[in-house]
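Trainee: Okay, so here is final01.txt, and as you'll see once you scroll down, it has compact mmCIF, C-alpha atoms.
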```txt
# COMPACT_ATOMS: atom_id res chain seq x y z
CA MET M 7 120.72 103.22 88.08
CA ALA M 8 121.47 99.49 88.00
CA LEU M 9 124.74 98.34 89.48
CA ILE M 10 127.04 95.92 87.68
CA ASN M 11 129.81 94.58 89.92
CA VAL M 12 132.33 93.03 87.55
CA ALA M 13 134.58 91.53 90.26
CA ALA M 14 131.74 89.69 92.00
CA ARG M 15 130.00 89.23 88.63
CA GLU M 16 126.75 90.55 90.02
CA ILE M 17 123.97 92.73 88.62
CA HIS M 18 121.56 94.52 90.94
CA CYS M 19 118.34 96.22 89.87
CA LYS M 20 115.84 98.08 92.04
CA ILE M 21 112.14 98.01 91.21
CA VAL M 22 109.61 100.07 93.17
CA TYR M 23 105.85 99.42 93.41
CA TYR M 24 104.17 102.83 93.63
CA GLY M 25 100.53 103.86 93.93
CA PRO M 26 97.85 105.27 96.23
CA GLY M 27 97.06 103.84 99.67
CA MET M 28 95.40 100.41 99.79
CA CYS M 29 95.84 99.83 96.03
CA GLY M 30 97.58 96.47 96.54
CA LYS M 31 101.33 97.13 96.35
CA THR M 32 102.14 94.99 99.38
CA SER M 33 99.73 92.30 98.11
CA ASN M 34 101.78 92.07 94.91
CA LEU M 35 104.96 91.44 96.90
CA GLN M 36 103.25 88.98 99.24
CA TYR M 37 101.96 86.95 96.30
CA ILE M 38 105.38 86.95 94.59
CA HIS M 39 107.03 85.92 97.86
CA ALA M 40 104.59 83.04 98.30
CA GLN M 41 105.00 81.73 94.76
CA VAL M 42 108.64 82.00 93.68
CA PRO M 43 110.95 79.04 94.38
CA ARG M 44 112.60 79.03 97.82
CA ASP M 45 116.16 79.42 96.50
CA THR M 46 115.15 82.46 94.45
CA LYS M 47 113.77 84.61 97.25
CA GLY M 48 115.03 86.21 100.43
CA ASP M 49 112.85 87.15 103.39
CA LEU M 50 110.05 89.63 102.81
CA LEU M 51 110.88 92.55 105.06
CA SER M 52 107.97 94.81 106.01
CA ILE M 53 108.10 97.99 108.03
CA ALA M 54 104.42 98.42 108.78
CA THR M 55 102.17 99.98 111.41
CA GLU M 56 100.25 97.87 113.93
CA THR M 57 97.35 97.83 111.49
CA GLU M 58 99.57 96.36 108.75
CA ARG M 59 99.68 99.56 106.70
CA THR M 60 103.12 100.13 105.17
CA LEU M 61 105.02 102.72 107.19
CA PHE M 62 108.34 102.86 105.37
CA PHE M 63 108.63 100.10 102.78
CA ASP M 64 108.35 96.39 102.05
CA PHE M 65 111.44 94.80 100.63
CA LEU M 66 111.78 91.52 98.75
CA PRO M 67 115.14 90.47 97.28
CA LEU M 68 114.91 88.03 94.36
CA ASP M 69 117.98 86.17 93.17
CA LEU M 70 117.63 84.90 89.62
CA GLY M 71 120.83 82.86 89.79
CA LYS M 72 123.59 82.99 87.19
CA VAL M 73 122.73 84.28 83.76
CA ARG M 74 125.65 84.23 81.32
CA GLY M 75 128.02 84.17 84.29
CA PHE M 76 126.38 87.07 86.14
CA GLN M 77 124.47 86.60 89.37
CA THR M 78 121.37 88.73 88.82
CA ARG M 79 119.38 90.21 91.66
CA PHE M 80 116.15 92.17 91.60
CA HIS M 81 115.24 94.10 94.72
CA LEU M 82 111.52 94.82 94.92
CA TYR M 83 110.26 97.64 97.15
CA THR M 84 106.86 99.12 97.87
CA VAL M 85 106.28 102.67 99.03
CA PRO M 86 103.78 103.65 101.75
CA GLY M 87 100.73 104.81 99.79
CA GLN M 88 99.04 107.17 102.20
CA VAL M 89 99.22 110.86 101.30
CA LEU M 90 100.92 111.60 104.64
CA TYR M 91 104.07 109.72 103.61
CA GLU M 92 105.05 111.71 100.53
CA ARG M 93 108.63 112.36 101.70
CA THR M 94 109.06 108.72 102.64
CA ARG M 95 108.16 107.75 99.08
CA VAL M 96 110.90 110.06 97.82
CA ALA M 97 113.39 108.21 100.05
CA VAL M 98 112.33 104.76 98.79
CA LEU M 99 112.38 105.83 95.13
CA ASN M 100 116.03 106.86 95.47
CA GLY M 101 118.16 104.96 92.96
CA SER M 102 115.31 102.91 91.49
CA ASP M 103 115.62 101.42 87.99
CA GLY M 104 111.94 101.03 87.23
CA VAL M 105 108.47 101.49 88.70
CA VAL M 106 105.27 99.46 88.71
CA PHE M 107 102.42 101.89 89.18
CA VAL M 108 99.59 100.01 90.86
CA ALA M 109 96.25 101.71 90.26
CA ASP M 110 93.07 100.87 92.17
CA SER M 111 90.43 100.22 89.50
CA GLN M 112 87.47 101.27 91.67
CA ARG M 113 85.50 104.22 90.38
CA SER M 114 85.84 106.03 93.73
CA LYS M 115 89.65 105.79 93.60
CA LEU M 116 90.26 107.46 90.23
CA GLU M 117 91.22 110.82 91.67
CA GLU M 118 93.66 109.24 94.14
CA ASN M 119 95.27 107.31 91.27
CA ILE M 120 95.68 110.47 89.20
CA LYS M 121 97.19 112.39 92.12
CA SER M 122 99.59 109.58 92.96
CA LEU M 123 100.75 109.27 89.35
CA LYS M 124 101.34 113.01 89.12
CA GLU M 125 103.35 112.86 92.32
CA LEU M 126 105.43 110.00 90.90
CA ALA M 127 106.24 112.08 87.82
CA VAL M 128 107.33 114.97 90.03
CA ASN M 129 109.47 112.73 92.25
CA ILE M 130 111.21 111.05 89.30
CA THR M 131 111.91 114.42 87.70
CA ARG M 132 113.33 115.71 90.99
CA GLN M 133 115.89 112.92 90.85
CA ASN M 134 117.13 114.43 87.57
CA LYS M 135 115.57 111.68 85.50
CA LYS M 136 113.31 112.20 82.51
CA PHE M 137 109.89 110.77 83.34
CA GLN M 138 109.03 110.13 79.69
CA ASP M 139 112.12 107.87 79.38
CA TYR M 140 111.62 106.20 82.74
CA PRO M 141 110.73 102.46 82.78
CA VAL M 142 107.14 102.20 84.06
CA ILE M 143 104.60 99.37 83.92
CA LEU M 144 100.99 100.05 84.83
CA GLN M 145 98.84 97.60 86.76
CA TYR M 146 95.05 98.03 87.04
CA ASN M 147 94.41 96.16 90.24
CA LYS M 148 91.24 94.95 92.00
CA ARG M 149 89.50 93.94 88.77
CA ASP M 150 87.37 91.48 90.77
CA LEU M 151 85.53 94.22 92.66
CA GLY M 152 82.05 95.44 91.74
CA ASP M 153 82.34 99.10 90.89
CA VAL M 154 85.45 99.17 88.72
CA LEU M 155 86.08 101.52 85.82
CA PRO M 156 86.41 99.98 82.35
CA VAL M 157 90.01 99.66 81.12
CA PRO M 158 89.62 102.29 78.32
CA VAL M 159 88.52 104.84 80.93
CA LEU M 160 91.52 104.07 83.14
CA ASP M 161 93.75 104.26 80.05
CA LYS M 162 92.36 107.68 79.23
CA TYR M 163 93.18 109.11 82.65
CA LEU M 164 96.32 107.18 83.62
CA ASN M 165 98.04 105.90 80.51
CA GLY M 166 98.77 108.95 78.42
CA MET M 167 102.36 107.67 78.12
CA HIS M 168 101.20 104.35 76.56
CA TRP M 169 103.01 102.13 79.00
CA GLN M 170 102.44 98.40 78.96
CA ARG M 171 99.54 97.72 81.32
CA PHE M 172 98.03 94.69 82.97
CA GLU M 173 94.74 93.95 84.68
CA ALA M 174 95.21 92.28 88.04
CA VAL M 175 93.74 90.87 91.21
CA ALA M 176 96.85 90.94 93.39
CA THR M 177 95.32 89.05 96.33
CA THR M 178 94.70 85.97 94.18
CA GLY M 179 97.71 86.51 91.92
CA VAL M 180 95.93 87.38 88.67
CA GLY M 181 98.29 89.54 86.60
CA VAL M 182 100.95 89.74 89.31
CA PHE M 183 103.62 87.76 87.48
CA ASP M 184 102.73 89.28 84.10
CA THR M 185 103.44 92.68 85.67
CA LEU M 186 106.68 91.49 87.29
CA LYS M 187 107.92 89.89 84.08
CA ALA M 188 107.17 93.05 82.09
CA ILE M 189 108.98 95.42 84.47
CA SER M 190 111.95 93.03 84.85
CA LYS M 191 112.39 92.77 81.10
CA LEU M 192 112.00 96.50 80.66
CA VAL M 193 114.65 97.21 83.30
CA ILE M 194 117.02 94.62 81.80
CA SER M 195 116.57 96.16 78.35
CA ARG M 196 117.84 99.47 79.79
CA LEU M 197 120.97 98.09 81.51
CA MET Z 2 119.97 107.98 76.81
CA ASP Z 3 119.52 109.83 80.08
CA PRO Z 4 122.80 109.28 82.00
CA GLN Z 5 120.83 108.72 85.20
CA LEU Z 6 119.24 105.64 83.63
CA THR Z 7 122.41 103.93 82.48
CA SER Z 8 124.08 101.30 84.63
CA LEU Z 9 127.04 101.93 86.88
CA ILE Z 10 129.62 99.32 85.91
CA VAL Z 11 132.26 98.79 88.62
CA PRO Z 12 135.30 96.97 87.18
CA SER Z 13 137.29 94.34 89.16
CA GLU Z 14 140.33 96.57 89.73
CA GLU Z 15 138.15 99.28 91.29
CA ILE Z 16 136.38 96.74 93.52
CA THR Z 17 139.83 95.68 94.77
CA LYS Z 18 140.55 99.33 95.64
CA VAL Z 19 137.20 99.58 97.45
CA GLU Z 20 137.95 96.41 99.43
CA GLU Z 21 141.38 97.72 100.45
CA CYS Z 22 139.87 101.00 101.57
CA LEU Z 23 137.15 99.27 103.64
CA ASN Z 24 139.72 96.92 105.17
CA HIS Z 25 141.94 99.83 106.22
CA LEU Z 26 138.95 101.58 107.73
CA VAL Z 27 137.99 98.53 109.80
CA GLU Z 28 141.59 97.89 110.91
CA ASP Z 29 142.52 101.49 111.68
CA THR Z 30 139.37 102.23 113.67
CA GLY Z 31 139.20 98.83 115.34
CA GLY Z 32 135.64 98.66 114.02
CA ASN Z 33 133.69 95.49 113.32
CA TYR Z 34 132.39 95.92 109.85
CA ALA Z 35 132.40 98.31 106.91
CA LEU Z 36 129.96 98.38 104.00
CA LEU Z 37 129.86 100.31 100.77
CA LEU Z 38 126.35 100.69 99.38
CA ASP Z 39 124.87 102.22 96.31
CA LYS Z 40 122.25 104.84 97.21
CA SER Z 41 119.63 102.37 95.98
CA GLY Z 42 120.60 100.09 98.91
CA GLN Z 43 122.59 97.55 96.94
CA VAL Z 44 125.76 96.29 98.61
CA ILE Z 45 128.87 96.94 96.53
CA SER Z 46 131.38 95.53 99.01
CA SER Z 47 131.59 94.57 102.67
CA GLN Z 48 134.59 93.86 104.88
CA GLY Z 49 135.05 92.82 108.51
CA ASP Z 50 133.84 90.08 110.83
CA GLY Z 51 132.18 87.35 108.83
CA ASP Z 52 129.08 86.49 110.80
CA ARG Z 53 126.69 89.17 109.53
CA GLN Z 54 123.56 87.33 108.56
CA ASP Z 55 121.49 89.40 106.26
CA ILE Z 56 123.67 91.91 104.47
CA THR Z 57 121.07 92.44 101.73
CA ALA Z 58 118.36 93.54 104.17
CA LEU Z 59 120.93 95.60 106.11
CA GLY Z 60 121.88 97.44 102.91
CA ALA Z 61 118.25 98.17 102.01
CA LEU Z 62 117.47 99.46 105.51
CA ILE Z 63 120.58 101.60 105.93
CA ALA Z 64 120.07 103.24 102.52
CA GLY Z 65 116.39 103.77 103.37
CA THR Z 66 117.23 105.27 106.74
CA PHE Z 67 119.80 107.58 105.22
CA ALA Z 68 117.46 108.73 102.43
CA SER Z 69 114.72 109.29 105.00
CA SER Z 70 116.99 111.32 107.32
CA ARG Z 71 118.04 113.35 104.33
CA GLU Z 72 114.43 114.29 103.68
CA VAL Z 73 114.13 115.30 107.35
CA ALA Z 74 117.25 117.45 106.93
CA LYS Z 75 115.72 119.11 103.87
CA LEU Z 76 112.61 119.98 105.86
CA LEU Z 77 114.92 121.55 108.45
CA ARG Z 78 116.50 123.51 105.59
CA GLU Z 79 119.85 121.81 105.91
CA LYS Z 80 121.91 122.53 102.80
CA ASP Z 81 124.38 119.67 102.81
CA PHE Z 82 123.40 116.64 104.89
CA ARG Z 83 126.10 113.98 104.56
CA VAL Z 84 126.53 111.93 107.76
CA LEU Z 85 124.31 109.98 110.13
CA PHE Z 86 125.15 108.31 113.44
CA GLN Z 87 123.14 105.54 115.07
CA GLN Z 88 124.02 104.87 118.69
CA GLY Z 89 123.18 101.37 119.82
CA VAL Z 90 123.61 99.49 123.07
CA ARG Z 91 125.94 96.90 121.54
CA GLU Z 92 127.07 98.50 118.29
CA ASN Z 93 127.05 101.93 116.69
CA ILE Z 94 126.74 102.76 113.02
CA PHE Z 95 128.34 105.75 111.30
CA ILE Z 96 127.06 106.49 107.81
CA ALA Z 97 128.56 108.92 105.29
CA LEU Z 98 127.46 109.91 101.80
CA ILE Z 99 129.92 109.81 98.89
CA GLU Z 100 129.18 112.16 96.00
CA GLU Z 101 125.38 111.63 96.02
CA GLN Z 102 125.85 108.09 94.74
CA TRP Z 103 127.40 105.79 97.32
CA ILE Z 104 126.97 105.34 101.06
CA LEU Z 105 129.79 104.24 103.34
CA CYS Z 106 128.92 102.75 106.70
CA ILE Z 107 131.02 101.48 109.51
CA ILE Z 108 129.71 99.41 112.40
CA PHE Z 109 131.71 99.57 115.63
CA ASN Z 110 131.36 98.90 119.34
CA LYS Z 111 132.24 100.68 122.59
CA GLY Z 112 135.96 99.99 122.14
CA THR Z 113 136.17 102.45 119.27
CA HIS Z 114 135.97 106.20 119.76
CA ILE Z 115 133.49 108.04 117.54
CA GLY Z 116 136.00 110.85 116.91
CA LEU Z 117 138.44 108.41 115.34
CA VAL Z 118 135.65 106.95 113.21
CA LYS Z 119 134.67 110.42 111.97
CA VAL Z 120 138.22 111.35 110.98
CA LEU Z 121 139.06 108.06 109.28
CA THR Z 122 135.68 107.86 107.56
CA LYS Z 123 136.29 111.29 106.06
CA LYS Z 124 139.63 110.03 104.71
CA ALA Z 125 137.96 106.89 103.33
CA THR Z 126 135.12 108.84 101.67
CA ASP Z 127 137.70 111.02 99.89
CA GLU Z 128 139.48 107.92 98.59
CA LEU Z 129 136.22 106.28 97.54
CA ALA Z 130 135.09 109.47 95.82
CA THR Z 131 138.12 109.23 93.51
CA VAL Z 132 137.26 105.57 92.79
CA LEU Z 133 133.67 106.58 92.01
CA GLU Z 134 134.90 109.36 89.74
CA ARG Z 135 137.01 106.87 87.76
CA VAL Z 136 134.07 104.43 87.55
CA ARG Z 137 131.86 107.23 86.18
CA GLN Z 138 134.48 108.30 83.66
CA GLN Z 139 135.04 104.91 82.08
CA HIS Z 140 132.58 104.25 79.32
CA LYS Z 141 132.51 100.51 78.93
CA ALA Z 142 129.79 99.34 76.61
CA ARG Z 143 127.28 97.03 78.22
CA ASP Z 144 127.86 94.33 75.62
CA GLU Z 145 131.58 94.41 76.33
CA VAL Z 146 130.85 93.46 79.94
CA LEU Z 147 127.76 91.28 79.72
CA GLY Z 148 128.01 89.78 76.24
CA SER Z 149 125.55 90.47 73.45
CA SER Z 150 123.21 87.55 74.18
CA PHE Z 151 122.76 88.48 77.85
CA ARG Z 152 119.37 90.10 77.35
CA THR Z 153 117.80 87.08 75.60
CA SER Z 154 119.17 84.69 78.24
CA MET Z 155 117.87 86.97 80.96
CA GLU Z 156 114.41 87.09 79.42
CA ASP Z 157 114.31 83.29 79.28
CA THR Z 158 115.26 83.11 82.98
CA ILE Z 159 112.60 85.68 83.88
CA ASP Z 160 109.94 83.62 82.05
CA LEU Z 161 111.11 80.46 83.79
CA LEU Z 162 111.20 81.79 87.35
CA PHE Z 163 108.44 84.40 87.48
CA ARG Z 164 105.32 82.30 87.16
CA ASP Z 165 102.49 80.97 89.32
```
Could you render the structure from this file as structure tokens?
Mentor:
Amino acid sequence: MALINVAAREIHCKIVYYGPGMCGKTSNLQYIHAQVPRDTKGDLLSIATETERTLFFDFLPLDLGKVRGFQTRFHLYTVPGQVLYERTRVAVLNGSDGVVFVADSQRSKLEENIKSLKELAVNITRQNKKFQDYPVILQYNKRDLGDVLPVPVLDKYLNGMHWQRFEAVATTGVGVFDTLKAISKLVISRL
Amino acid sequence: MDPQLTSLIVPSEEITKVEECLNHLVEDTGGNYALLLDKSGQVISSQGDGDRQDITALGALIAGTFASSREVAKLLREKDFRVLFQQGVRENIFIALIEEQWILCIIFNKGTHIGLVKVLTKKATDELATVLERVRQQHKARDEVLGSSFRTSMEDTIDLLFRD
């Protein structure tokens, strides 16, 4: 649920990057952090293990400045992807306004993607929200790798809801901003 | 639309009430700082000493910690987990949930007794719960608050800022 503070004339929205382990959620945030203008971004906060795997979440606040008199802020989060951290993902999803589901396009990762997406649906529903109404954008990441599934195959298994979807290579930035723009606009349209 | 997906619009007069409540809490406990957060981690209001550097990150982390502890409580089959206490060397943090939607936290040092904080925080959460109830009851249309052209302006800004 987005928060509109009329006294401070501020709007806050929370967007969560969700997906299986090593699919590139943190890479998305790192690329965004590196590219957006200095006065738009805050520090990228990462709670990670010694091996740089996300332990709790990454957090990147983006301040879009004043739009029609309202200071608008997007807070981007990632969840830890590893199966072990299911309850932590529930905690990070709390109060989110929209989700980017980052899928790993590699053939060997299809099952993990499907499981993670099913878990997302369960977690959203548990928060008393209807998953079919929930703002979701799909990102097929790692398109540069060798053994990736064709987009129609990924669509068949992951995009039964017909969400907007983007192909991406998060490490080099391909598709990262297209995804961010799409989820931001979708969340704003639901304010 | 699903009520859980609509925005929570907090009007100016209610923010004033929130600020008064947080101020009283800080003054009466002798605490350093009080924050009201949405459960998503967004800061609604903060009162107290002015040199806190990164309130935004603090909000995100406190809400995350609370949500995480709540999951722990569920695993321990706790029915109604509502408060969390962090004991630090310099400062302590007391965190309390308000009606499943907001989180009140007060930061205080050794000079303040935890018992006093617990009692006065309970009083403050009751007051803030009535504010929240009023905020939920009022049905202001989005356009009334933001103006009808907000969405188009916002989309233009998104296109301008979010690019390589």
Trainee: What's the 12 Å shell around M:Lys121, counting all atoms listed in the file, without same-chain residues fewer than 6 positions away, as a list of chain:residue names?
Mentor: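 Surrounding residues, per the criterion: M:Tyr24, M:Gly25, M:Pro26, M:Gly27, M:Gly87, M:Gln88, M:Val89, M:Glu92, M:Ala109, M:Lys115, M:Ala127, M:Val128, M:Tyr163, M:Leu164.
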Trainee: Output as a tab-separated table (two decimals) with C-alpha atoms, in the frame of the given file the set of chain Z residues within 7 Å of chain M, with distances taken over all atoms listed in the file.
Mentor:
```tsv
chain	number	residue	atom	x	y	z
Z	3	ASP	CA	119.52	109.83	80.08
Z	5	GLN	CA	120.83	108.72	85.20
Z	6	LEU	CA	119.24	105.64	83.63
Z	7	THR	CA	122.41	103.93	82.48
Z	8	SER	CA	124.08	101.30	84.63
Z	9	LEU	CA	127.04	101.93	86.88
Z	10	ILE	CA	129.62	99.32	85.91
Z	11	VAL	CA	132.26	98.79	88.62
Z	12	PRO	CA	135.30	96.97	87.18
Z	13	SER	CA	137.29	94.34	89.16
Z	16	ILE	CA	136.38	96.74	93.52
Z	40	LYS	CA	122.25	104.84	97.21
Z	41	SER	CA	119.63	102.37	95.98
Z	43	GLN	CA	122.59	97.55	96.94
Z	65	GLY	CA	116.39	103.77	103.37
Z	68	ALA	CA	117.46	108.73	102.43
Z	69	SER	CA	114.72	109.29	105.00
Z	72	GLU	CA	114.43	114.29	103.68
Z	151	PHE	CA	122.76	88.48	77.85
Z	152	ARG	CA	119.37	90.10	77.35
Z	154	SER	CA	119.17	84.69	78.24
Z	155	MET	CA	117.87	86.97	80.96
Z	156	GLU	CA	114.41	87.09	79.42
Z	159	ILE	CA	112.60	85.68	83.88
Z	160	ASP	CA	109.94	83.62	82.05
Z	162	LEU	CA	111.20	81.79	87.35
Z	163	PHE	CA	108.44	84.40	87.48
Z	164	ARG	CA	105.32	82.30	87.16
Z	165	ASP	CA	102.49	80.97	89.32
```
Trainee: Could you put an axis-aligned box around every listed atom of stretch 20-34 of chain M, padded by 8 Å on each side, and send me its centre and edge lengths in Å to one decimal, as lines of an AutoDock Vina configuration file?
Mentor:
```
center_x = 105.6
center_y = 98.7
center_z = 95.5
size_x = 36.4
size_y = 29.2
size_z = 24.6
```
Trainee: Applying 10 Å and all atoms listed in the file, which residues near stretch 25-35 of chain Z remain after dropping the ones on its own chain fewer than 5 positions away? List them as a VMD selection string.
Mentor: chain Z and resid 19 to 20 46 to 51 53 92 to 96 105 to 122 124 to 125
Trainee: Which value, in Å to one decimal, gives the distance between atom CA of M:Pro156 and atom CA of M:Leu126?
Mentor: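 Taking atom CA of M:Pro156 and atom CA of M:Leu126, their separation equals 23.1 Å.
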Trainee: Give as an NGL selection string the set of residues within 6 Å of the point (122.5, 99.6, 102.9), where distances use the file's coordinates and all atoms listed in the file.
Mentor: :Z and (38 or 42 or 59-64)
Trainee: If I take atom CA of M:Thr32 and atom CA of M:Thr177, how far is one from the other in Å, to one decimal?
Mentor: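 These two atoms are separated by 9.5 Å.
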Trainee: Using all atoms listed in the file, list the residues that have an atom at most 7 Å from (95.3, 93.6, 93.3), coordinates as in the file, as a list in words.
Mentor: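 Checking each residue against the 7 Å limit leaves Cys29, Gly30, Ser33, Asn34, Asn147, Lys148, Ala174, Val175, Ala176 and Thr177 of chain M.
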Trainee: For a test of reading the model, state the distance in Å between atom CA of Z:Lys75 and atom CA of M:Arg59, rounded to one decimal.
Mentor: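 Distance between the two atoms: 25.4 Å.
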Trainee: Need to verify the contact set: Z:Glu100, 10 Å, all atoms listed in the file, exclusion of same-chain residues closer than 6 positions in sequence. Can you return it as a list in words?
Mentor: Arg83, Thr126, Asp127, Leu129, Ala130, Thr131, Leu133 and Glu134 of chain Z
Trainee: For M:Leu116, find every residue with an atom within 10 Å (counting only C-alpha atoms), except residues of its own chain fewer than 2 positions away, and show them as a ChimeraX atom specification.
Mentor: /M:26,109-114,118-122,154-155,159-160,163-164
